[in-house]
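Chemist: Input file: entry.cif. Contents: mmCIF, C-alpha atoms and all ligand atoms.
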data_target
loop_
_atom_site.label_atom_id
_atom_site.label_comp_id
_atom_site.auth_asym_id
_atom_site.auth_seq_id
_atom_site.Cartn_x
_atom_site.Cartn_y
_atom_site.Cartn_z
CA MET B 964 -180.70 36.62 77.56
CA ALA B 965 -182.90 39.48 76.30
CA LYS B 966 -181.07 42.70 75.47
CA PHE B 967 -181.47 45.73 77.73
CA ARG B 968 -184.01 48.17 76.30
CA VAL B 969 -182.36 51.58 76.13
CA GLY B 970 -183.65 55.13 75.66
CA ILE B 971 -181.31 58.04 74.85
CA ILE B 972 -182.17 61.65 75.76
CA GLY B 973 -180.47 64.27 73.58
CA CYS B 974 -179.74 63.77 69.87
CA GLY B 975 -176.92 66.32 69.42
CA ASN B 976 -173.18 65.93 68.82
CA ILE B 977 -172.49 63.10 71.25
CA PHE B 978 -175.63 61.05 70.45
CA PRO B 979 -174.01 58.81 67.78
CA MET B 980 -171.24 57.70 70.17
CA HIS B 981 -173.83 56.42 72.61
CA ALA B 982 -176.14 54.89 70.02
CA VAL B 983 -173.32 53.01 68.27
CA SER B 984 -171.75 51.95 71.58
CA ILE B 985 -175.07 50.55 72.86
CA GLN B 986 -175.64 48.56 69.66
CA GLN B 987 -172.02 47.33 69.62
CA SER B 988 -172.15 46.17 73.25
CA GLY B 989 -174.16 43.16 72.12
CA LEU B 990 -176.03 43.40 75.42
CA ALA B 991 -178.41 46.27 74.71
CA GLU B 992 -180.45 47.93 71.99
CA VAL B 993 -181.73 51.46 71.38
CA VAL B 994 -185.54 51.27 71.44
CA ALA B 995 -186.45 54.93 72.04
CA ILE B 996 -184.83 58.35 71.70
CA CYS B 997 -185.85 61.84 72.73
CA ASP B 998 -185.00 65.43 71.80
CA ILE B 999 -186.97 68.65 72.08
CA LYS B 1000 -185.86 69.35 68.51
CA GLU B 1001 -188.28 67.26 66.50
CA ASP B 1002 -186.27 67.20 63.27
CA ARG B 1003 -183.26 65.71 65.13
CA VAL B 1004 -185.20 63.02 66.91
CA ARG B 1005 -187.05 62.01 63.71
CA ARG B 1006 -183.82 61.80 61.71
CA TRP B 1007 -182.15 59.45 64.19
CA ALA B 1008 -185.33 57.45 64.88
CA ASP B 1009 -185.34 56.59 61.16
CA VAL B 1010 -181.71 55.43 61.38
CA TYR B 1011 -182.26 53.31 64.51
CA HIS B 1012 -185.83 52.19 63.72
CA CYS B 1013 -186.91 53.17 67.20
CA ALA B 1014 -189.62 55.20 68.91
CA ALA B 1015 -189.26 59.01 68.92
CA TYR B 1016 -190.25 61.32 71.78
CA THR B 1017 -189.97 65.06 72.38
CA ASP B 1018 -190.74 64.79 76.12
CA TYR B 1019 -188.22 62.78 78.15
CA GLN B 1020 -190.59 62.07 81.00
CA GLU B 1021 -193.10 60.61 78.57
CA MET B 1022 -190.37 58.43 77.06
CA ILE B 1023 -189.31 57.15 80.48
CA ASP B 1024 -192.94 56.56 81.52
CA LYS B 1025 -194.10 54.83 78.35
CA ALA B 1026 -191.23 53.17 76.45
CA ASP B 1027 -190.69 50.19 78.81
CA LEU B 1028 -186.99 50.93 79.22
CA ASP B 1029 -184.33 49.25 81.35
CA VAL B 1030 -181.66 51.94 80.90
CA VAL B 1031 -181.60 55.66 80.06
CA HIS B 1032 -178.58 57.47 78.54
CA ILE B 1033 -178.36 61.22 79.06
CA CYS B 1034 -176.67 63.29 76.33
CA THR B 1035 -178.16 66.70 77.02
CA PRO B 1036 -176.85 70.11 78.18
CA HIS B 1037 -175.12 69.97 81.58
CA TYR B 1038 -177.88 71.57 83.69
CA LEU B 1039 -180.31 68.83 82.62
CA HIS B 1040 -178.18 65.89 83.76
CA ALA B 1041 -179.35 66.06 87.39
CA PRO B 1042 -183.13 66.31 86.85
CA MET B 1043 -183.01 63.65 84.11
CA VAL B 1044 -180.91 61.17 86.11
CA ILE B 1045 -183.14 61.64 89.15
CA TYR B 1046 -186.35 61.20 87.13
CA ALA B 1047 -185.01 58.05 85.45
CA ALA B 1048 -183.75 56.60 88.75
CA ASN B 1049 -187.08 57.25 90.46
CA ALA B 1050 -188.73 55.35 87.60
CA GLY B 1051 -186.43 52.40 88.36
CA LYS B 1052 -184.17 52.78 85.29
CA HIS B 1053 -180.40 52.33 85.28
CA VAL B 1054 -178.68 55.48 84.05
CA MET B 1055 -175.57 56.45 82.14
CA THR B 1056 -174.91 60.18 81.84
CA GLU B 1057 -172.39 62.16 79.88
CA LYS B 1058 -169.80 64.24 81.72
CA PRO B 1059 -169.99 66.39 83.78
CA MET B 1060 -172.36 64.57 86.11
CA SER B 1061 -173.94 67.89 87.14
CA ILE B 1062 -173.25 71.59 87.52
CA SER B 1063 -173.27 71.64 91.34
CA ILE B 1064 -172.15 69.52 94.28
CA GLU B 1065 -175.65 69.50 95.77
CA GLU B 1066 -177.21 68.14 92.57
CA ALA B 1067 -174.51 65.49 92.29
CA GLU B 1068 -175.30 64.32 95.83
CA GLN B 1069 -179.02 64.17 95.00
CA MET B 1070 -178.27 62.07 91.89
CA ILE B 1071 -176.24 59.54 93.88
CA GLU B 1072 -178.94 59.40 96.56
CA ALA B 1073 -181.74 58.83 94.00
CA CYS B 1074 -179.81 55.98 92.34
CA GLU B 1075 -178.98 54.34 95.67
CA LYS B 1076 -182.55 54.67 96.96
CA ASN B 1077 -183.95 53.07 93.81
CA LYS B 1078 -181.16 50.46 93.60
CA VAL B 1079 -180.30 51.34 90.00
CA THR B 1080 -176.83 51.33 88.43
CA PHE B 1081 -175.39 54.79 87.75
CA GLY B 1082 -172.52 55.36 85.33
CA VAL B 1083 -170.82 58.59 84.26
CA ILE B 1084 -168.81 58.92 81.05
CA PHE B 1085 -165.09 59.67 81.41
CA GLN B 1086 -164.05 57.67 78.37
CA ASN B 1087 -160.43 58.84 78.32
CA ARG B 1088 -159.70 56.55 81.26
CA TYR B 1089 -160.17 53.71 78.75
CA ASN B 1090 -157.51 55.01 76.31
CA PRO B 1091 -154.54 52.60 76.04
CA GLY B 1092 -152.08 55.31 77.11
CA SER B 1093 -154.09 56.22 80.21
CA LEU B 1094 -154.21 52.55 81.21
CA LEU B 1095 -150.43 52.13 80.74
CA ILE B 1096 -149.77 54.84 83.31
CA LYS B 1097 -152.55 53.84 85.72
CA GLU B 1098 -151.51 50.18 85.75
CA ALA B 1099 -147.83 51.07 86.32
CA LEU B 1100 -148.81 53.36 89.21
CA ASP B 1101 -151.10 50.75 90.76
CA LYS B 1102 -148.32 48.13 90.60
CA PHE B 1103 -146.06 50.73 92.28
CA GLU B 1104 -143.53 50.39 89.43
CA LEU B 1105 -143.05 54.15 89.42
CA GLY B 1106 -142.81 54.54 93.18
CA HIS B 1107 -144.50 57.47 94.87
CA ILE B 1108 -145.77 60.40 92.79
CA LEU B 1109 -143.76 63.48 93.76
CA GLY B 1110 -145.56 66.10 91.64
CA GLY B 1111 -147.75 66.56 88.59
CA LYS B 1112 -148.89 69.09 86.02
CA CYS B 1113 -151.30 69.23 83.12
CA SER B 1114 -152.35 71.62 80.40
CA VAL B 1115 -155.27 71.87 77.99
CA THR B 1116 -154.93 74.55 75.30
CA TRP B 1117 -157.77 74.30 72.82
CA LYS B 1118 -159.72 76.46 70.40
CA ARG B 1119 -163.36 77.33 71.07
CA THR B 1120 -164.12 80.64 69.35
CA ASP B 1121 -167.01 83.06 69.86
CA GLU B 1122 -168.39 81.61 66.63
CA TYR B 1123 -168.38 78.12 68.22
CA TYR B 1124 -170.30 79.47 71.22
CA SER B 1125 -172.74 81.40 69.00
CA LYS B 1126 -173.92 78.08 67.51
CA SER B 1127 -175.04 76.68 70.89
CA ASP B 1128 -178.07 77.78 72.88
CA TRP B 1129 -176.56 76.60 76.19
CA LYS B 1130 -172.77 76.76 76.04
CA GLY B 1131 -171.01 79.78 77.48
CA THR B 1132 -173.57 80.23 80.30
CA TRP B 1133 -173.18 79.55 84.02
CA ASP B 1134 -176.76 78.33 84.46
CA MET B 1135 -176.77 75.81 81.59
CA GLU B 1136 -173.14 74.81 80.89
CA GLY B 1137 -172.09 75.40 84.50
CA GLY B 1138 -168.74 76.89 83.50
CA GLY B 1139 -166.44 77.03 80.49
CA VAL B 1140 -163.10 75.49 79.58
CA LEU B 1141 -162.77 73.69 82.91
CA ILE B 1142 -166.11 71.90 83.20
CA ASP B 1143 -166.45 71.21 79.50
CA GLN B 1144 -163.09 70.70 77.78
CA ALA B 1145 -160.46 70.29 80.54
CA ILE B 1146 -162.59 68.07 82.80
CA HIS B 1147 -161.31 64.91 81.07
CA THR B 1148 -157.68 65.84 81.79
CA MET B 1149 -158.49 66.98 85.33
CA ASP B 1150 -160.26 63.66 85.91
CA LEU B 1151 -157.30 61.68 84.53
CA ILE B 1152 -154.69 63.35 86.71
CA ARG B 1153 -156.92 63.01 89.81
CA TRP B 1154 -157.48 59.33 88.96
CA PHE B 1155 -153.73 58.79 88.47
CA MET B 1156 -153.08 60.45 91.84
CA GLY B 1157 -155.62 58.17 93.54
CA GLN B 1158 -155.62 60.38 96.64
CA ASP B 1159 -158.14 62.57 98.44
CA ILE B 1160 -157.72 66.29 97.90
CA GLU B 1161 -156.78 68.61 100.77
CA TYR B 1162 -157.37 71.93 99.01
CA VAL B 1163 -157.55 73.72 95.65
CA GLU B 1164 -156.52 77.26 94.86
CA ALA B 1165 -157.20 78.74 91.43
CA GLN B 1166 -157.82 81.74 89.24
CA ILE B 1167 -160.41 81.78 86.48
CA GLY B 1168 -161.31 84.44 83.95
CA ASN B 1169 -162.73 85.27 80.56
CA ARG B 1170 -159.80 86.87 78.82
CA ALA B 1171 -160.42 86.46 75.11
CA HIS B 1172 -164.11 85.92 74.35
CA GLU B 1173 -166.78 88.55 73.73
CA ILE B 1174 -170.02 86.61 74.02
CA ILE B 1175 -169.63 84.17 76.90
CA GLN B 1176 -170.24 84.53 80.64
CA VAL B 1177 -167.98 81.65 81.65
CA GLU B 1178 -164.20 81.28 81.98
CA ASP B 1179 -161.97 80.68 79.01
CA SER B 1180 -158.90 80.45 81.26
CA ALA B 1181 -158.24 78.57 84.48
CA GLU B 1182 -154.98 78.06 86.34
CA GLY B 1183 -154.29 76.67 89.76
CA VAL B 1184 -153.05 73.99 92.09
CA ILE B 1185 -154.52 70.92 93.73
CA LYS B 1186 -152.93 69.77 96.96
CA TYR B 1187 -153.59 66.15 97.84
CA LYS B 1188 -153.79 64.79 101.36
CA ASN B 1189 -150.44 63.00 100.92
CA GLY B 1190 -148.82 66.43 100.48
CA VAL B 1191 -148.30 66.22 96.68
CA PHE B 1192 -149.18 69.21 94.46
CA THR B 1193 -150.48 69.03 90.89
CA GLY B 1194 -150.72 72.20 88.83
CA PHE B 1195 -153.13 72.83 85.95
CA TYR B 1196 -153.49 75.30 83.13
CA ALA B 1197 -156.50 75.39 80.78
CA ILE B 1198 -157.43 77.86 78.04
CA ASN B 1199 -159.82 77.56 75.12
CA TYR B 1200 -158.76 80.70 73.23
CA TYR B 1201 -155.72 79.01 71.68
CA SER B 1202 -155.33 78.92 67.89
CA TYR B 1203 -155.84 75.15 67.56
CA ASP B 1204 -156.59 72.09 69.69
CA ALA B 1205 -153.05 71.34 70.86
CA PRO B 1206 -152.47 67.84 72.31
CA VAL B 1207 -153.34 67.72 75.99
CA GLU B 1208 -150.30 67.24 78.24
CA ILE B 1209 -150.03 65.48 81.58
CA GLU B 1210 -146.78 64.82 83.41
CA LEU B 1211 -146.21 62.95 86.64
CA HIS B 1212 -142.82 63.12 88.31
CA CYS B 1213 -142.46 59.88 90.24
CA GLU B 1214 -139.69 58.39 92.38
CA HIS B 1215 -138.51 55.96 89.68
CA ALA B 1216 -139.75 57.57 86.43
CA ILE B 1217 -141.45 60.40 84.64
CA ALA B 1218 -144.82 59.44 83.16
CA LYS B 1219 -146.02 61.71 80.41
CA MET B 1220 -149.07 61.88 78.17
CA VAL B 1221 -149.13 64.03 75.05
CA GLY B 1222 -152.52 63.67 73.45
CA ASP B 1223 -153.38 59.98 73.74
CA LYS B 1224 -149.73 58.85 73.68
CA ALA B 1225 -148.20 57.85 77.01
CA THR B 1226 -144.49 57.47 77.68
CA ILE B 1227 -142.91 56.26 80.90
CA THR B 1228 -139.20 57.07 81.10
CA TYR B 1229 -137.50 55.33 84.02
CA ASN B 1230 -134.60 56.96 85.84
CA ASP B 1231 -132.17 54.50 84.19
CA GLY B 1232 -133.24 55.69 80.72
CA PHE B 1233 -135.45 52.72 79.84
CA SER B 1234 -138.76 53.86 78.39
CA VAL B 1235 -142.08 52.37 77.38
CA THR B 1236 -144.71 53.98 75.15
CA ARG B 1237 -148.34 53.25 74.37
CA ASP B 1238 -150.61 55.12 71.96
CA SER B 1239 -154.12 54.62 70.62
CA ASP B 1240 -154.37 51.75 68.16
CA PRO B 1241 -154.92 53.22 64.67
CA ASN B 1242 -156.71 50.00 63.71
CA GLU B 1243 -159.36 50.64 66.35
CA SER B 1244 -162.05 52.94 64.96
CA VAL B 1245 -165.79 53.25 64.98
CA ASP B 1246 -168.04 54.10 62.05
CA PHE B 1247 -170.55 56.68 63.20
CA GLY B 1248 -171.82 57.60 59.75
CA ASP B 1249 -171.75 61.05 58.19
CA GLY B 1250 -169.60 63.78 59.66
CA VAL B 1251 -168.56 62.01 62.87
CA LYS B 1252 -164.86 61.29 63.32
CA SER B 1253 -164.16 57.62 63.78
CA TYR B 1254 -161.24 57.78 66.26
CA TRP B 1255 -163.36 59.75 68.72
CA GLY B 1256 -165.71 57.11 69.91
CA VAL B 1257 -163.54 54.05 70.52
CA SER B 1258 -163.28 54.61 74.26
CA HIS B 1259 -167.01 55.36 74.53
CA VAL B 1260 -167.60 51.91 73.06
CA LYS B 1261 -165.31 50.36 75.70
CA GLN B 1262 -166.80 52.20 78.68
CA ILE B 1263 -170.41 51.61 77.61
CA LYS B 1264 -169.80 47.90 76.90
CA GLU B 1265 -168.28 47.53 80.37
CA PHE B 1266 -171.29 49.35 81.86
CA TYR B 1267 -173.71 46.84 80.33
CA GLN B 1268 -171.56 43.95 81.50
CA ASN B 1269 -171.63 45.49 85.00
CA VAL B 1270 -175.45 45.85 84.92
CA THR B 1271 -175.71 42.21 83.77
CA ASP B 1272 -173.42 41.03 86.58
CA GLY B 1273 -174.84 43.35 89.24
CA VAL B 1274 -171.42 44.96 89.67
CA THR B 1275 -170.78 48.64 90.46
CA PRO B 1276 -169.21 50.37 87.43
CA ALA B 1277 -165.63 51.64 87.79
CA ILE B 1278 -166.89 55.17 87.14
CA ASP B 1279 -170.12 55.25 89.11
CA GLY B 1280 -171.74 58.33 90.67
CA LYS B 1281 -169.48 58.26 93.71
CA GLU B 1282 -166.30 58.05 91.64
CA ALA B 1283 -167.42 60.83 89.26
CA PHE B 1284 -168.42 62.90 92.28
CA LYS B 1285 -164.77 63.20 93.33
CA THR B 1286 -163.95 64.97 90.07
CA GLN B 1287 -167.18 66.98 90.21
CA LYS B 1288 -166.35 68.23 93.69
CA MET B 1289 -162.82 69.14 92.59
CA ILE B 1290 -164.15 71.16 89.63
CA ALA B 1291 -166.85 72.88 91.72
CA SER B 1292 -164.23 73.75 94.36
CA ILE B 1293 -161.92 75.23 91.73
CA TYR B 1294 -164.79 77.45 90.54
CA LYS B 1295 -165.51 78.49 94.12
CA SER B 1296 -161.83 79.28 94.65
CA GLY B 1297 -161.66 81.31 91.43
CA LYS B 1298 -164.85 83.23 92.12
CA GLU B 1299 -164.11 83.95 95.78
CA ASN B 1300 -160.36 84.36 95.29
CA LYS B 1301 -159.47 82.07 98.16
CA ARG B 1302 -158.15 78.59 98.96
CA ILE B 1303 -160.93 75.99 99.23
CA TYR B 1304 -160.46 73.02 101.53
CA LEU B 1305 -162.35 69.89 100.52
N1 LIG Z 1 -167.38 62.63 76.50
C1 LIG Z 1 -167.05 63.50 75.54
O1 LIG Z 1 -165.94 63.51 75.02
C2 LIG Z 1 -168.08 64.48 75.08
C3 LIG Z 1 -167.96 65.14 73.84
C4 LIG Z 1 -168.98 66.02 73.48
C5 LIG Z 1 -170.04 66.27 74.33
N2 LIG Z 1 -170.09 65.63 75.54
C6 LIG Z 1 -171.18 65.88 76.50
O2 LIG Z 1 -172.41 65.43 75.94
C7 LIG Z 1 -173.47 66.24 76.39
C8 LIG Z 1 -174.19 66.82 75.20
O3 LIG Z 1 -173.27 67.59 74.43
P1 LIG Z 1 -173.51 67.83 72.88
O4 LIG Z 1 -172.26 68.45 72.37
O5 LIG Z 1 -174.03 66.60 72.24
O6 LIG Z 1 -174.65 68.96 72.94
P2 LIG Z 1 -175.69 69.36 71.81
O7 LIG Z 1 -176.13 70.74 72.13
O8 LIG Z 1 -175.11 69.07 70.46
O9 LIG Z 1 -176.87 68.31 72.04
C9 LIG Z 1 -177.72 68.38 73.15
C10 LIG Z 1 -179.09 67.93 72.68
O10 LIG Z 1 -179.96 67.91 73.81
C11 LIG Z 1 -181.23 68.36 73.37
N3 LIG Z 1 -182.05 68.81 74.49
C12 LIG Z 1 -181.99 69.99 75.16
N4 LIG Z 1 -182.92 70.03 76.12
C13 LIG Z 1 -183.61 68.85 76.06
C14 LIG Z 1 -184.69 68.31 76.78
N5 LIG Z 1 -185.28 68.98 77.76
N6 LIG Z 1 -185.14 67.09 76.44
C15 LIG Z 1 -184.57 66.39 75.42
N7 LIG Z 1 -183.53 66.86 74.70
C16 LIG Z 1 -183.05 68.08 75.01
C17 LIG Z 1 -180.89 69.49 72.40
O11 LIG Z 1 -181.99 69.83 71.56
C18 LIG Z 1 -179.70 68.90 71.66
O12 LIG Z 1 -180.09 68.19 70.50
C19 LIG Z 1 -172.82 67.29 77.29
O13 LIG Z 1 -172.87 66.86 78.62
C20 LIG Z 1 -171.39 67.35 76.81
O14 LIG Z 1 -170.47 67.81 77.78
C21 LIG Z 1 -169.15 64.74 75.91
#
Go ahead and render the structure in this file as structure tokens.

Modeler:
Amino acid sequence: MAKFRVGIIGCGNIFPMHAVSIQQSGLAEVVAICDIKEDRVRRWADVYHCAAYTDYQEMIDKADLDVVHICTPHYLHAPMVIYAANAGKHVMTEKPMSISIEEAEQMIEACEKNKVTFGVIFQNRYNPGSLLIKEALDKFELGHILGGKCSVTWKRTDEYYSKSDWKGTWDMEGGGVLIDQAIHTMDLIRWFMGQDIEYVEAQIGNRAHEIIQVEDSAEGVIKYKNGVFTGFYAINYYSYDAPVEIELHCEHAIAKMVGDKATITYNDGFSVTRDSDPNESVDFGDGVKSYWGVSHVKQIKEFYQNVTDGVTPAIDGKEAFKTQKMIASIYKSGKENKRIYL
């Protein structure tokens, strides 16, 4: 069977994870790439021996693509997904799917109308530790979840923001620590919960940065429709990227993630642990850390298998929308200082 012809929009930090994952899937190949920064697109076009574009619409119109990957600033995800879908291309976008609920709805609608497959990257769901906990919950080995909490305390300095022309702004990044760094953890705990949300109540603020508009701190609660509360705390003014922590207090056990390592400790003291496999790594070439991309490879390979089989991806637009709506509601709660019912 011929390989899917893929175009990637955006040749910045995350580009190599997508390019390598597409090639490694065995089902697809990168045939065109696009970036408004010509030096970037030329450099990577030489590496991948593919066509180079500086206008994404031209690439979608002319490069005879089956699939488009979107690796651009957050505010561009919606217009790019919708343009690709309307051209009949399957699409895979980086997180977050959009910067507003309305845009997210339009993206889902465009993909449904054009009968194209729509995937959204939340690669941490594919980490071995995440799967240990999710599978145990699904088999009801832990009983009901009684409560949960998570924290993300990372370091993103003013200097980090000064190097980006879109981060730190509401109109282009769509928020700060929550929508960019903590979204993976917020998605994981929501996915573990597997319940609809009743309401969110949160506070957000910029407490330690000089040059950004968006929040560097967010704290709050999510109440699910089954009555369970999960609390969250996210800052990106910490002095280093501390391991992310998630804890679920369940009837029969406590399930905990610290970084990628998951431990389930049952009430009788028996415990089981699963961490990332140090033997699993991906070579992205110069300057790109190898352990980073392993779960991108897994999610993207599964996406191409799904497109081949005509199956809806596990993280399609509708699934990602649940996390998007949660994040947007937290922002609304923080900005308007009130409880937001979903
Ligand atoms: N899943 C993860 O763990 C992870 C990690 C890092 C980044 N990301 C996501 O990947 C996306 C990109 O982030 P990044 O860090 O690579 O950003 P980046 O700023 O390094 O790269 C974005 C690229 O998009 C290009 N671009 C901007 N406007 C364009 C346009 N109109 N047409 C074509 N190209 C355009 C820029 O020139 C730049 O090269 C974001 O959604 C981010 O949240 C995800």

Chemist: Choose the residue, out of B:Ala965, B:Leu1028, B:Val1083, B:Leu1141, that has the smallest atom-to-atom separation from Ala1283 (chain B); count all atoms listed in the file.

Modeler: B:Val1083

Chemist: Between CA of Ser1239 (chain B) and CA of Leu990 (chain B), what is the distance in Å, rounded to a tenth?

Modeler: 25.1 Å

Chemist: Could you tell me which of B:Val1257, B:Ile1174, B:Ile1084, B:Val1191 comes closest to Cys1034 (chain B) if we count all atoms listed in the file?

Modeler: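 Result for the nearest residue to Cys1034 (chain B): B:Ile1084.
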
Chemist: Interatomic distance between CA of Leu1095 (chain B) and CA of Asp1238 (chain B)?

Modeler: 9.3 Å

Chemist: Give me, please, the distance in Å between atom O4 of ligand LIG 1 (chain Z) and CA of Cys997 (chain B), quoted to one decimal.

Modeler: 15.1 Å

Chemist: Quick one: everything within 10 Å of Asp1134 (chain B), counting only C-alpha atoms, minus sequence neighbours fewer than 6 positions away in the same chain. Send it as a list in words.

Modeler: His1037, Tyr1038, Ile1062, Gln1176 and Val1177 of chain B

Chemist: Using all atoms listed in the file, which residues have at least one atom no more than 8 Å from ligand LIG 1 (chain Z)? Output them as JSON, numbers by chain.

Modeler: {"B": [972, 973, 974, 975, 976, 977, 978, 997, 998, 999, 1000, 1003, 1017, 1018, 1019, 1033, 1034, 1035, 1036, 1037, 1039, 1040, 1056, 1057, 1058, 1059, 1060, 1084, 1085, 1086, 1087, 1127, 1128, 1129, 1130, 1143, 1144, 1147, 1255, 1259]}

Chemist: Let me make sure I understand: among B:Asn1230, B:Ser1292, B:Thr1236, B:Thr1080, which one has the smallest atom-to-atom distance to Val1030 (chain B) if we use only C-alpha atoms?

Modeler: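 The answer is B:Thr1080, which sits nearest to Val1030 (chain B).
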
Chemist: Give the answer as one residue: which of B:Ile1071, B:Ala1197, B:Val1140, B:Ile985 has the shortest atom-to-atom distance to Tyr1267 (chain B), using only C-alpha atoms?

Modeler: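 Closest to Tyr1267 (chain B), using only C-alpha atoms: B:Ile985.
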
Chemist: I'd like the neighbourhood of Leu1094 (chain B) as a VMD selection string, where a residue qualifies if any of its atoms comes within 12 Å (using only C-alpha atoms), though same-chain residues fewer than 6 positions away should be ignored.

Modeler: chain B and resid 1086 to 1088 1100 to 1102 1151 1154 to 1155 1218 1220 1223 to 1227 1236 to 1239 1258
